[in-house]
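data27.txt follows (compact mmCIF, C-alpha atoms):
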```txt
# COMPACT_ATOMS: atom_id res chain seq x y z
CA MET A 1 93.84 92.72 104.90
CA GLN A 2 91.70 94.82 102.58
CA ILE A 3 92.93 96.51 99.39
CA ALA A 4 90.63 99.14 97.89
CA LEU A 5 90.80 99.61 94.11
CA ILE A 6 89.94 103.19 93.19
CA GLY A 7 90.23 105.38 90.11
CA TRP A 8 88.35 107.26 87.45
CA GLN A 9 85.97 105.54 85.08
CA ALA A 10 87.27 103.54 82.09
CA GLY A 11 90.74 103.06 83.56
CA GLY A 12 90.56 99.26 83.75
CA LYS A 13 89.93 99.08 87.52
CA SER A 14 87.05 96.61 87.28
CA THR A 15 88.92 94.50 84.72
CA LEU A 16 91.79 94.25 87.20
CA PHE A 17 89.35 93.39 90.01
CA THR A 18 87.95 90.53 87.91
CA SER A 19 91.45 89.22 87.11
CA LEU A 20 92.32 89.25 90.83
CA THR A 21 89.12 87.73 92.21
CA GLY A 22 87.42 85.94 89.31
CA LEU A 23 84.29 87.96 90.10
CA GLU A 24 82.35 90.38 87.96
CA PRO A 25 81.69 93.55 89.98
CA ALA A 26 78.09 94.55 90.54
CA TYR A 27 77.82 97.76 88.54
CA GLY A 28 75.79 100.41 90.30
CA GLU A 29 77.16 99.39 93.70
CA GLU A 30 79.45 101.87 95.44
CA ALA A 31 81.79 99.09 96.52
CA PHE A 32 81.96 95.40 95.63
CA PRO A 33 84.16 92.99 97.64
CA GLY A 34 85.99 89.86 96.57
CA MET A 35 87.97 87.57 98.87
CA VAL A 36 91.14 85.86 97.62
CA GLU A 37 93.43 83.29 99.23
CA ILE A 38 97.08 84.37 99.39
CA PRO A 39 99.33 81.84 97.61
CA ASP A 40 101.99 80.53 100.01
CA ASP A 41 104.48 77.85 98.97
CA THR A 42 105.68 77.40 102.55
CA LEU A 43 102.13 76.70 103.73
CA ASP A 44 101.67 74.17 100.91
CA ARG A 45 104.85 72.33 101.93
CA LEU A 46 103.93 72.37 105.62
CA HIS A 47 100.56 70.88 104.71
CA GLU A 48 102.36 67.93 103.12
CA LEU A 49 103.65 67.07 106.62
CA TRP A 50 100.06 67.06 107.96
CA PRO A 51 98.09 65.97 104.88
CA VAL A 52 94.87 65.14 106.74
CA ALA A 53 94.72 68.59 108.33
CA LYS A 54 92.68 71.43 106.88
CA LYS A 55 94.88 73.93 105.04
CA ILE A 56 93.88 77.53 105.78
CA PRO A 57 95.81 80.20 103.88
CA ALA A 58 95.70 83.87 104.78
CA LYS A 59 93.20 85.87 102.76
CA VAL A 60 92.96 89.33 101.28
CA GLN A 61 89.81 91.21 100.37
CA TYR A 62 89.83 93.38 97.26
CA LEU A 63 87.23 96.11 97.17
CA ASP A 64 86.17 97.52 93.80
CA VAL A 65 85.09 101.06 94.68
CA ALA A 66 82.81 102.80 92.17
CA GLY A 67 84.71 104.72 89.49
CA LEU A 68 84.98 108.48 89.81
CA ALA A 69 83.52 110.70 87.11
CA HIS A 70 86.00 113.23 85.75
CA GLU A 71 83.77 116.19 86.64
CA GLU A 72 84.07 115.16 90.31
CA LYS A 73 87.75 116.04 90.46
CA ARG A 74 89.04 118.38 93.15
CA SER A 75 85.92 118.21 95.29
CA GLY A 76 86.91 115.50 97.77
CA PHE A 77 85.31 112.07 97.88
CA LYS A 78 81.68 111.65 98.84
CA ARG A 79 81.29 110.66 102.48
CA SER A 80 79.86 107.26 101.57
CA MET A 81 82.91 106.51 99.41
CA THR A 82 85.28 107.78 102.11
CA ASN A 83 83.71 105.31 104.53
CA HIS A 84 84.64 102.42 102.22
CA LEU A 85 88.21 103.65 101.80
CA GLN A 86 88.75 104.22 105.52
CA ASN A 87 88.39 100.49 106.21
CA ALA A 88 91.11 99.53 103.73
CA GLY A 89 94.69 98.81 104.70
CA VAL A 90 96.04 99.79 101.28
CA LEU A 91 94.60 102.16 98.69
CA CYS A 92 95.23 100.94 95.15
CA PRO A 93 94.50 103.65 92.55
CA VAL A 94 94.27 102.29 88.99
CA PHE A 95 95.07 104.62 86.08
CA GLY A 96 94.46 103.77 82.45
CA ALA A 97 97.41 104.49 80.16
CA PHE A 98 96.18 102.21 77.37
CA GLN A 99 94.17 105.02 75.73
CA GLU A 100 97.14 107.38 75.63
CA SER A 101 99.50 107.90 72.70
CA GLY A 102 102.94 109.46 72.47
CA SER A 103 106.40 108.70 73.77
CA THR A 104 106.96 106.84 77.00
CA GLU A 105 107.83 110.07 78.78
CA GLU A 106 104.73 111.81 77.44
CA VAL A 107 102.49 108.99 78.67
CA ALA A 108 104.33 109.02 81.99
CA GLU A 109 103.66 112.76 82.34
CA MET A 110 99.94 112.17 81.77
CA MET A 111 99.99 109.52 84.48
CA ARG A 112 101.75 111.88 86.89
CA ALA A 113 98.96 114.41 86.37
CA LEU A 114 96.29 111.80 87.11
CA ILE A 115 98.16 110.64 90.21
CA GLU A 116 98.40 114.25 91.40
CA ASP A 117 94.63 114.66 90.89
CA LEU A 118 93.98 111.54 92.97
CA GLU A 119 96.31 112.74 95.74
CA THR A 120 94.36 116.04 95.75
CA GLU A 121 91.09 114.16 96.27
CA LEU A 122 92.59 112.28 99.20
CA LEU A 123 93.97 115.50 100.71
CA LEU A 124 90.61 117.27 100.38
CA SER A 125 88.74 114.39 102.00
CA ASP A 126 91.16 114.42 104.94
CA MET A 127 90.89 118.21 105.18
CA GLN A 128 87.11 118.00 105.60
CA ILE A 129 87.48 115.56 108.50
CA ALA A 130 90.38 117.42 110.16
CA GLU A 131 88.70 120.84 109.94
CA SER A 132 85.48 119.47 111.43
CA ARG A 133 87.37 117.92 114.34
CA ALA A 134 89.49 121.05 114.88
CA GLU A 135 86.31 123.14 115.14
CA LYS A 136 84.89 120.82 117.80
CA ILE A 137 88.14 120.92 119.77
CA ALA A 138 88.20 124.73 119.60
CA SER A 139 84.56 124.89 120.71
CA SER A 140 85.27 122.62 123.69
CA LYS A 141 88.20 124.81 124.74
CA GLN A 142 86.06 127.94 124.57
CA ARG A 143 83.47 126.32 126.84
CA GLY A 144 86.15 125.22 129.30
CA ILE A 145 85.78 121.54 128.47
CA LYS A 146 88.98 119.53 128.79
CA VAL A 147 90.26 118.12 125.49
CA ASP A 148 92.68 115.31 124.71
CA ALA A 149 96.06 117.08 124.52
CA ALA A 150 97.54 114.44 122.21
CA GLU A 151 94.62 114.72 119.82
CA ASP A 152 94.84 118.52 119.90
CA ARG A 153 98.53 118.40 118.96
CA ALA A 154 97.94 115.78 116.29
CA ILE A 155 95.07 117.65 114.61
CA THR A 156 97.22 120.80 114.51
CA LYS A 157 100.02 118.86 112.80
CA VAL A 158 97.52 117.27 110.42
CA LEU A 159 96.02 120.59 109.36
CA ASP A 160 99.44 122.18 108.92
CA ALA A 161 100.47 119.32 106.61
CA LEU A 162 97.25 119.28 104.62
CA ASN A 163 97.39 123.05 104.10
CA GLU A 164 100.86 122.50 102.64
CA GLU A 165 99.40 119.72 100.43
CA THR A 166 101.57 117.17 102.23
CA PRO A 167 100.16 113.63 102.57
CA LEU A 168 99.95 112.59 106.21
CA ARG A 169 101.99 109.46 105.56
CA LEU A 170 105.00 111.80 105.29
CA ILE A 171 104.65 113.57 108.66
CA GLU A 172 105.97 112.45 112.04
CA LEU A 173 103.48 111.78 114.81
CA GLY A 174 104.27 110.62 118.31
CA ALA A 175 102.83 107.32 119.52
CA GLU A 176 100.15 109.07 121.60
CA GLU A 177 99.28 111.43 118.75
CA GLU A 178 98.99 108.57 116.28
CA LYS A 179 96.72 106.67 118.66
CA ALA A 180 94.57 109.76 119.27
CA ILE A 181 93.65 110.18 115.59
CA ARG A 182 93.59 106.52 114.57
CA SER A 183 89.81 106.34 114.57
CA TYR A 184 89.58 109.06 111.90
CA ALA A 185 91.36 106.77 109.40
CA PHE A 186 92.77 109.65 107.36
CA LEU A 187 93.18 108.53 103.76
CA THR A 188 96.59 110.13 103.14
CA LEU A 189 97.96 108.17 106.10
CA LYS A 190 97.32 104.96 104.18
CA PRO A 191 99.96 103.42 101.91
CA LEU A 192 99.38 103.81 98.17
CA LEU A 193 99.92 101.01 95.67
CA ILE A 194 99.53 102.73 92.30
CA VAL A 195 98.65 100.62 89.25
CA VAL A 196 99.21 101.93 85.74
CA ASN A 197 97.18 99.90 83.24
CA LYS A 198 99.20 99.97 80.02
CA GLY A 199 98.23 99.24 76.44
CA GLU A 200 99.37 96.15 74.53
CA GLU A 201 101.90 98.08 72.46
CA GLN A 202 103.32 100.14 75.31
CA ASP A 203 106.67 99.18 76.85
CA GLY A 204 105.85 98.30 80.44
CA GLU A 205 109.45 98.26 81.68
CA ALA A 206 110.20 101.65 80.10
CA LEU A 207 107.02 103.14 81.57
CA GLN A 208 107.84 101.69 84.99
CA ALA A 209 111.31 103.27 84.83
CA ALA A 210 109.91 106.62 83.66
CA LEU A 211 107.55 106.70 86.66
CA SER A 212 110.12 105.63 89.26
CA ASP A 213 110.14 109.16 90.67
CA VAL A 214 106.51 108.71 91.77
CA GLU A 215 107.47 106.10 94.35
CA GLY A 216 108.43 107.02 97.90
CA ASP A 217 107.67 106.28 101.53
CA LEU A 218 104.58 104.05 101.70
CA LYS A 219 104.02 104.59 97.99
CA ARG A 220 104.74 102.01 95.28
CA LEU A 221 103.87 101.69 91.59
CA ILE A 222 103.23 98.72 89.30
CA VAL A 223 102.76 98.82 85.52
CA LEU A 224 100.63 96.00 84.09
CA ASP A 225 98.16 95.12 81.33
CA ALA A 226 94.83 94.45 83.05
CA GLN A 227 93.36 92.74 79.98
CA VAL A 228 96.29 90.32 79.75
CA GLU A 229 96.07 89.69 83.49
CA ALA A 230 92.39 88.82 83.06
CA GLU A 231 93.35 86.32 80.33
CA ILE A 232 95.96 84.78 82.65
CA ALA A 233 93.43 84.45 85.46
CA GLY A 234 91.02 82.68 83.10
CA LEU A 235 93.52 79.99 82.09
CA PRO A 236 93.72 76.55 83.72
CA GLU A 237 96.48 76.46 86.35
CA GLU A 238 98.61 74.05 84.30
CA ASP A 239 98.66 76.42 81.30
CA ARG A 240 99.57 79.63 83.09
CA GLY A 241 103.31 79.04 83.30
CA ASP A 242 103.73 78.68 79.54
CA PHE A 243 101.52 81.70 78.88
CA LEU A 244 103.50 83.87 81.31
CA GLU A 245 106.74 82.79 79.66
CA ASP A 246 105.40 83.54 76.17
CA MET A 247 104.25 86.99 77.28
CA GLY A 248 107.53 87.73 79.06
CA ILE A 249 105.74 88.20 82.40
CA GLU A 250 107.68 87.09 85.48
CA SER A 251 104.62 86.67 87.71
CA PRO A 252 100.90 87.49 87.49
CA ALA A 253 99.59 90.77 88.88
CA SER A 254 97.88 89.03 91.78
CA GLU A 255 101.24 87.92 93.19
CA ARG A 256 102.94 91.27 92.61
CA LEU A 257 100.09 93.23 94.19
CA LEU A 258 100.14 91.03 97.27
CA GLN A 259 103.94 91.22 97.60
CA GLU A 260 103.87 95.01 97.39
CA SER A 261 100.92 95.22 99.79
CA PHE A 262 102.74 93.08 102.36
CA TYR A 263 105.78 95.37 101.98
CA LEU A 264 103.73 98.57 102.35
CA LEU A 265 101.90 97.30 105.43
CA GLY A 266 105.07 95.89 106.97
CA LEU A 267 103.52 92.42 107.17
CA ILE A 268 105.13 89.04 107.75
CA ARG A 269 103.45 85.69 108.37
CA PHE A 270 103.77 82.93 110.93
CA PHE A 271 102.26 79.44 110.90
CA THR A 272 100.41 77.08 113.19
CA VAL A 273 100.46 73.35 112.42
CA GLY A 274 98.74 70.25 113.74
CA ASP A 275 96.41 67.39 112.94
CA ASP A 276 93.37 69.70 112.78
CA GLU A 277 94.73 72.50 110.63
CA VAL A 278 97.80 74.04 109.05
CA ARG A 279 97.37 77.79 108.88
CA SER A 280 99.10 81.00 107.83
CA TRP A 281 98.69 84.18 109.91
CA PRO A 282 99.69 87.64 108.62
CA ILE A 283 100.94 90.06 111.30
CA ARG A 284 102.95 93.27 111.39
CA LYS A 285 106.71 92.96 111.62
CA GLY A 286 107.83 93.41 115.22
CA THR A 287 104.67 91.91 116.74
CA PRO A 288 105.47 90.29 120.12
CA ALA A 289 104.54 86.65 120.63
CA VAL A 290 101.74 87.43 123.08
CA GLU A 291 99.98 89.66 120.52
CA ALA A 292 100.53 87.12 117.74
CA ALA A 293 98.88 84.55 120.02
CA GLY A 294 95.89 86.89 120.20
CA GLU A 295 95.52 86.68 116.42
CA ILE A 296 94.87 82.95 116.86
CA HIS A 297 92.44 83.37 119.78
CA SER A 298 91.93 85.92 122.54
CA ASP A 299 92.22 83.16 125.18
CA LEU A 300 95.76 82.41 124.00
CA GLN A 301 96.78 86.02 124.55
CA ARG A 302 94.99 86.30 127.88
CA GLY A 303 96.48 83.09 129.28
CA PHE A 304 99.84 83.18 127.46
CA ILE A 305 102.61 81.23 129.23
CA ARG A 306 105.20 80.78 126.49
CA ALA A 307 105.50 79.90 122.82
CA GLU A 308 107.25 76.95 121.20
CA VAL A 309 108.89 78.35 118.07
CA VAL A 310 110.79 76.79 115.19
CA PRO A 311 111.68 78.29 111.79
CA SER A 312 109.56 76.73 109.06
CA ALA A 313 112.70 76.05 107.01
CA ASP A 314 114.06 73.80 109.79
CA LEU A 315 110.73 72.04 110.23
CA LEU A 316 110.46 71.37 106.50
CA GLU A 317 114.03 70.05 106.39
CA LEU A 318 113.66 67.68 109.37
CA GLY A 319 110.05 66.71 108.77
CA SER A 320 108.57 66.82 112.29
CA MET A 321 108.35 68.90 115.44
CA SER A 322 109.89 66.06 117.47
CA ALA A 323 112.93 65.94 115.18
CA CYS A 324 113.35 69.70 115.59
CA ARG A 325 113.12 69.29 119.36
CA ASP A 326 115.75 66.55 119.32
CA LYS A 327 118.09 68.81 117.32
CA GLY A 328 117.58 71.66 119.76
CA LEU A 329 115.89 73.83 117.12
CA LEU A 330 112.56 74.15 118.94
CA ARG A 331 112.84 77.19 121.21
CA LEU A 332 110.74 78.40 124.13
CA GLU A 333 110.02 82.12 123.84
CA GLY A 334 108.30 84.57 126.18
CA LYS A 335 105.72 87.30 125.68
CA THR A 336 108.13 89.90 124.31
CA TYR A 337 109.71 87.71 121.63
CA GLU A 338 109.28 89.39 118.23
CA VAL A 339 107.80 86.84 115.86
CA ARG A 340 109.86 86.39 112.69
CA ASP A 341 108.68 85.79 109.15
CA GLY A 342 108.21 82.06 108.62
CA ASP A 343 108.09 81.07 112.30
CA VAL A 344 105.99 78.04 113.22
CA MET A 345 104.50 78.70 116.63
CA HIS A 346 102.63 76.65 119.23
CA VAL A 347 101.28 78.61 122.21
CA ARG A 348 101.18 77.22 125.72
CA PHE A 349 98.48 78.94 127.75
CA ALA A 350 96.22 78.60 130.77
CA VAL A 351 92.94 80.43 131.46
```
Now that the file is in, can you turn its structure into structure tokens?
Amino acid sequence: MQIALIGWQAGGKSTLFTSLTGLEPAYGEEAFPGMVEIPDDTLDRLHELWPVAKKIPAKVQYLDVAGLAHEEKRSGFKRSMTNHLQNAGVLCPVFGAFQESGSTEEVAEMMRALIEDLETELLLSDMQIAESRAEKIASSKQRGIKVDAAEDRAITKVLDALNEETPLRLIELGAEEEKAIRSYAFLTLKPLLIVVNKGEEQDGEALQAALSDVEGDLKRLIVLDAQVEAEIAGLPEEDRGDFLEDMGIESPASERLLQESFYLLGLIRFFTVGDDEVRSWPIRKGTPAVEAAGEIHSDLQRGFIRAEVVPSADLLELGSMSACRDKGLLRLEGKTYEVRDGDVMHVRFAV
């Protein structure tokens, strides 16, 4: 999973990146990556049952994309920047509210304007790609060359939406149409996790409430103080709880960003356990067992026979796979079984 941090210069984007990854971005680079392990209490507890095994948590990559200059507004992203954003699962625009003054509603209105500007940039970038593809399809038709009917329909729908300034995440595409345009990685198809970086004196809860109208399908918003989050990240683990309590913060930004990203992407996680390793695997909700097996290794998907499945809660309560089997809690599931959040799975296969 990759989350791309984007936004205009001096909004606190790189400060947030440092608080999330512990890395200082390389200024001058168009995009700077940082890999982070996803905290998982269930994985930690499962590891206690196999303490000699290697614990492998799921990971997320944050990408600090170079800040946009204000004079670049309403021109669409540069192609090189678009390439970075197209690889991300979630786009995370960061807007600085800490320099603004006025009432909560006045600051919220300024943030709405910045969010609208960012949406315009995304729409323009998608328009450039869609128009180019539409021209090639039209040219092929004129020369009597057969075109992909699903792609033709999808590009027509895409252009209609973009001309109406409608993000593509809000339109309905059939399964074949969605597949036909998947390789173009349109930016407005991607979920948005908007971060508003507030000032120390600003009321975060009030600002969050004032901006609740911004949220919608595949679009969420978090208000935080990037500077405070950087201070939290720099503290020893044993001191963070007290600091969070003193600051009235329920959980650090890293946890909230990951929770929201999982929600936006429709992700769950399953586990594999054993003497060699205890591991967490993020997958999309509704993934059948045979495809989940492929996340572990392609051979497991190719030679899938069945999966032994037990809820992690039952395994943690009883303490071993054999005890779960004796209690009748270890199930045998076939290829079409939809893996559930928290499942522990062992795949039987033959190749």
- Using all atoms listed in the file: which of A:Gly319, A:Gly96, A:Gly22, A:Pro288 has the shortest distance to Gly334 in chain A: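 Under the stated criterion, the closest residue is A:Pro288.
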- Task: Could you tell me which of A:Thr272, A:Thr336, A:Ser132, A:Gln301 comes closest to His47 in chain A if we count all atoms listed in the file?
- Result: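 Among A:Thr272, A:Thr336, A:Ser132, A:Gln301, it is A:Thr272 that comes nearest to His47 in chain A.
Near (113.4, 77.9, 122.3), the residues that fall inside 8 Å on the basis of only C-alpha atoms are A:Glu308, A:Val309, A:Val310, A:Gly328, A:Leu329, A:Leu330, A:Arg331, A:Leu332, A:Glu333.
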List every residue of range 83-130 of chain A that has an atom at most 9 Å from any atom of range 195-212 of chain A, and for each one report the closest atom pair and its distance in Å to one decimal, counting all atoms listed in the file, with rows sorted by chain and then by increasing residue number, as CSV.
```
residue,atom,partner,partner_atom,distance
A:Cys92,CA,A:Val195,CA,6.8
A:Pro93,CA,A:Val195,CA,6.1
A:Val94,CA,A:Val195,CA,4.7
A:Phe95,CA,A:Val196,CA,4.9
A:Gly96,CA,A:Asn197,CA,4.8
A:Ala97,CA,A:Lys198,CA,4.9
A:Phe98,CA,A:Gly199,CA,3.7
A:Gln99,CA,A:Gly199,CA,7.1
A:Glu100,CA,A:Gly199,CA,8.3
A:Thr104,CA,A:Leu207,CA,5.9
A:Glu105,CA,A:Ala210,CA,6.3
A:Val107,CA,A:Leu207,CA,7.9
A:Ala108,CA,A:Leu211,CA,6.1
A:Glu109,CA,A:Leu211,CA,8.4
A:Met111,CA,A:Val196,CA,7.7
A:Arg112,CA,A:Leu211,CA,7.8
```
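Closest approach to Trp8 in chain A among A:Pro167, A:Gly67, A:Gly234, A:Pro252: A:Gly67, based on only C-alpha atoms.
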- Task: Select, from A:Met110, A:Leu124, A:Met247, A:Leu43, the residue with the minimum atom-to-atom distance to Lys55 in chain A, counting only C-alpha atoms.
- Result: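 Among A:Met110, A:Leu124, A:Met247, A:Leu43, it is A:Leu43 that comes nearest to Lys55 in chain A.
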- Query: From the set A:Leu318, A:Phe270, A:Pro33, A:Gln142, which residue has the shortest atom-to-atom contact distance to His346 in chain A, counting all atoms listed in the file?
  - Reply: A:Phe270
- So which residues are close to (87.3, 89.7, 89.4), meaning at most 12 Å away in the file's coordinates with all atoms listed in the file counted, and can you show them as an MDAnalysis selection string? chainID A and resid 5 12:26 32:36 61:64 226:227 229:231 233:234 254
- Query: Just how far from CA of Glu255 in chain A is CA of Asp239 in chain A, in Å to one decimal?
  - Reply: 16.7 Å
- Can you work out the spacing between CA of Thr42 in chain A and CA of Gln2 in chain A in Å, to one decimal? 22.3 Å
Go through range 208-249 of chain A residue by residue and, counting only C-alpha atoms, keep those with an atom at most 12 Å from range 170-179 of chain A; for each kept residue give the shortest atom pair and its distance in Å to one decimal, ordered by chain and increasing number, as JSON lines.
```
{"residue": "A:Gly216", "atom": "CA", "partner": "A:Leu170", "partner_atom": "CA", "distance": 9.4}
{"residue": "A:Asp217", "atom": "CA", "partner": "A:Leu170", "partner_atom": "CA", "distance": 7.2}
{"residue": "A:Leu218", "atom": "CA", "partner": "A:Leu170", "partner_atom": "CA", "distance": 8.6}
{"residue": "A:Lys219", "atom": "CA", "partner": "A:Leu170", "partner_atom": "CA", "distance": 10.3}
```
Pick out the residues sitting within 9 Å of Phe243 in chain A, and hand them over as an mmCIF file with C-alpha atoms, in the coordinates of the input; count only C-alpha atoms, and ignore anything fewer than 6 positions along from it in its own chain.
```
data_model
loop_
_atom_site.group_PDB
_atom_site.id
_atom_site.type_symbol
_atom_site.label_atom_id
_atom_site.label_comp_id
_atom_site.auth_asym_id
_atom_site.auth_seq_id
_atom_site.Cartn_x
_atom_site.Cartn_y
_atom_site.Cartn_z
ATOM 1 C CA ILE A 232 95.960 84.780 82.650
ATOM 2 C CA LEU A 235 93.520 79.990 82.090
ATOM 3 C CA ILE A 249 105.740 88.200 82.400
#
```
- Which neighbours of Leu68 in chain A fall inside 12 Å, counting all atoms listed in the file, when residues of the same chain fewer than 4 positions from it are skipped, and could you give them as a PyMOL selection string? chain A and resi 5-11+13+30-31+64+72-78+81+93-95+117-118+121
For range 301-319 of chain A, which lacks atoms in the input, supply N, CA and C atoms and format the output as a JSON list (two decimals), in the coordinates of the input.
```json
[["chain", "number", "residue", "atom", "x", "y", "z"],
["A", 301, "GLN", "N", 96.09, 84.81, 124.11],
["A", 301, "GLN", "CA", 96.78, 86.02, 124.55],
["A", 301, "GLN", "C", 96.56, 86.25, 126.04],
["A", 302, "ARG", "N", 95.33, 86.05, 126.48],
["A", 302, "ARG", "CA", 94.99, 86.30, 127.88],
["A", 302, "ARG", "C", 95.73, 85.34, 128.82],
["A", 303, "GLY", "N", 95.85, 84.07, 128.41],
["A", 303, "GLY", "CA", 96.48, 83.09, 129.28],
["A", 303, "GLY", "C", 97.87, 82.68, 128.84],
["A", 304, "PHE", "N", 98.53, 83.51, 128.03],
["A", 304, "PHE", "CA", 99.84, 83.18, 127.46],
["A", 304, "PHE", "C", 100.85, 82.80, 128.54],
["A", 305, "ILE", "N", 101.51, 81.65, 128.35],
["A", 305, "ILE", "CA", 102.61, 81.23, 129.23],
["A", 305, "ILE", "C", 103.92, 81.37, 128.47],
["A", 306, "ARG", "N", 104.02, 80.67, 127.37],
["A", 306, "ARG", "CA", 105.20, 80.78, 126.49],
["A", 306, "ARG", "C", 104.84, 80.20, 125.14],
["A", 307, "ALA", "N", 105.72, 80.43, 124.16],
["A", 307, "ALA", "CA", 105.50, 79.90, 122.82],
["A", 307, "ALA", "C", 106.64, 78.97, 122.42],
["A", 308, "GLU", "N", 106.26, 77.83, 121.82],
["A", 308, "GLU", "CA", 107.25, 76.95, 121.20],
["A", 308, "GLU", "C", 107.42, 77.41, 119.76],
["A", 309, "VAL", "N", 108.64, 77.74, 119.38],
["A", 309, "VAL", "CA", 108.89, 78.35, 118.07],
["A", 309, "VAL", "C", 110.00, 77.60, 117.34],
["A", 310, "VAL", "N", 109.77, 77.38, 116.05],
["A", 310, "VAL", "CA", 110.79, 76.79, 115.19],
["A", 310, "VAL", "C", 110.66, 77.43, 113.81],
["A", 311, "PRO", "N", 111.77, 77.76, 113.16],
["A", 311, "PRO", "CA", 111.68, 78.29, 111.79],
["A", 311, "PRO", "C", 111.09, 77.25, 110.85],
["A", 312, "SER", "N", 110.20, 77.67, 109.98],
["A", 312, "SER", "CA", 109.56, 76.73, 109.06],
["A", 312, "SER", "C", 110.58, 76.02, 108.18],
["A", 313, "ALA", "N", 111.68, 76.69, 107.83],
["A", 313, "ALA", "CA", 112.70, 76.05, 107.01],
["A", 313, "ALA", "C", 113.28, 74.83, 107.71],
["A", 314, "ASP", "N", 113.52, 74.94, 109.03],
["A", 314, "ASP", "CA", 114.06, 73.80, 109.79],
["A", 314, "ASP", "C", 113.03, 72.69, 109.90],
["A", 315, "LEU", "N", 111.78, 73.05, 110.13],
["A", 315, "LEU", "CA", 110.73, 72.04, 110.23],
["A", 315, "LEU", "C", 110.57, 71.28, 108.91],
["A", 316, "LEU", "N", 110.61, 72.01, 107.80],
["A", 316, "LEU", "CA", 110.46, 71.37, 106.50],
["A", 316, "LEU", "C", 111.65, 70.47, 106.20],
["A", 317, "GLU", "N", 112.84, 70.86, 106.64],
["A", 317, "GLU", "CA", 114.03, 70.05, 106.39],
["A", 317, "GLU", "C", 114.03, 68.77, 107.21],
["A", 318, "LEU", "N", 113.60, 68.84, 108.49],
["A", 318, "LEU", "CA", 113.66, 67.68, 109.37],
["A", 318, "LEU", "C", 112.38, 66.86, 109.36],
["A", 319, "GLY", "N", 111.26, 67.48, 109.01],
["A", 319, "GLY", "CA", 110.05, 66.71, 108.77],
["A", 319, "GLY", "C", 109.10, 66.54, 109.93]]
```
